[in-house]
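Inspection log for the structure reproduced underneath, given as structure tokens.
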Amino acid sequence: MVIKVFLASSSGSTAIKKKQQDVVAFLEALKVDYTELDIACNEQNRMWMRQNVPEEKKPPNGIPLPPQIFNEESYCGDYDTFFDAKEDNLVYAFLGLPPPPGSKEAVQAQEHIMQNGTHAEENPDESVKHNGDAQGEEEGQTGDEEEGEGGEADDEGTELETSRGEDLAEEEEKEAVEETDEEAQEEEEEEQEEEELQQLEDQDEQGSEEEEEDLEGTQAEEEAE
């Protein structure tokens, strides 16, 4: 695998020149084999670089600037992504190369493997089995708890409905008794009114009869005279 670094030897930009020098100097310090491809003097290199940089990695104007780094035909990244990988000690992963034994990146990878452990990988079937059994037991316990909670909730709901039904029955009974008492009282009042009217009518009739008798007696006396 050959690392390709696309550069512009005659670039007038000081920033681009510095970025190119940083990439080359770091690769040489790591003793990584690479090839420089000049896009300023070779039109084919320039066109190949532009065509093989992914669209999502191109700047808004669509023209990628050097340095651009490839591993054979695979795109690795530009200076910014290279710099981030260097800061994180992940340059070999960035380049798609295995880290050499004893390097910081190799030590980090080994520590990562040790932290994650290998027991689950050695016996994946047993791990899945134990996890499945434990999960099944937890689900069964959860289901029993939910069922128990549901039964208690149903009992409480039934008791509440029964209590409400009894309260409603008592209220209806009270209302019925009150209505009966009111009706009886109204009937008594009506009977009393009828009796009073009857007494008044009787008194009126009696008064009329007495007046008639008095009138008849007066007429008889007059005739006798």
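Lettering and numbering for the structure tokens are positional, with chains as A, B, ... in the shown order, residues counted from 1 in each chain, and ligands counted from 1 in the shown order.
Neighbours of Leu30 of chain A closer than or equal to 10 Å, with only C-alpha atoms counted and sequence neighbours fewer than 2 positions away skipped, come out as Ala25, Phe26, Leu27, Glu28, Val32, Asp33, Val91, Tyr92, Pro100 and Ser103 of chain A.
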Neighbours of Ser10 of chain A within 10 Å (only C-alpha atoms; same-chain residues fewer than 5 positions away dropped), as a PDB file with N, CA and C atoms, in the first residue's frame?
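Dumped to around_12.pdb:
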```pdb
ATOM      1  N   LYS A  17       1.596  26.000   1.723  1.00  0.00           N
ATOM      2  CA  LYS A  17       2.970  25.488   1.793  1.00  0.00           C
ATOM      3  C   LYS A  17       3.278  24.937   3.180  1.00  0.00           C
ATOM      4  N   ASP A  38       2.719  16.050  -7.624  1.00  0.00           N
ATOM      5  CA  ASP A  38       2.601  17.491  -7.810  1.00  0.00           C
ATOM      6  C   ASP A  38       1.445  17.790  -8.757  1.00  0.00           C
ATOM      7  N   ILE A  39       0.492  18.637  -8.310  1.00  0.00           N
ATOM      8  CA  ILE A  39      -0.650  19.000  -9.149  1.00  0.00           C
ATOM      9  C   ILE A  39      -0.399  20.294  -9.905  1.00  0.00           C
ATOM     10  N   ALA A  40       0.696  20.983  -9.541  1.00  0.00           N
ATOM     11  CA  ALA A  40       0.988  22.253 -10.231  1.00  0.00           C
ATOM     12  C   ALA A  40       1.655  22.015 -11.584  1.00  0.00           C
ATOM     13  N   CYS A  41       2.487  20.990 -11.655  1.00  0.00           N
ATOM     14  CA  CYS A  41       3.220  20.709 -12.895  1.00  0.00           C
ATOM     15  C   CYS A  41       2.624  19.548 -13.685  1.00  0.00           C
TER      16      CYS A  41
END
```
Using only C-alpha atoms, the best pick from A:Phe6, A:Gln192, A:Ala29, A:Ser11 as closest to Asn52 of chain A would be A:Phe6
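Neighbouring residues of Pro99 of chain A at 12 Å or closer, counting only C-alpha atoms and skipping chain neighbours under 4 positions away, are Leu30, Lys31, Val32, Asn89, Leu90, Val91, Tyr92, Ala93, Phe94, Leu95, Ser103, Lys104, Glu105, Ala106, Val107, Gln108, Ala109 and Gln110 of chain A.
Using only C-alpha atoms for every distance, the candidate list A:Gln68, A:Gln199, A:Gln206, A:Asn61 yields A:Gln68 as the residue closest to Trp48 of chain A.
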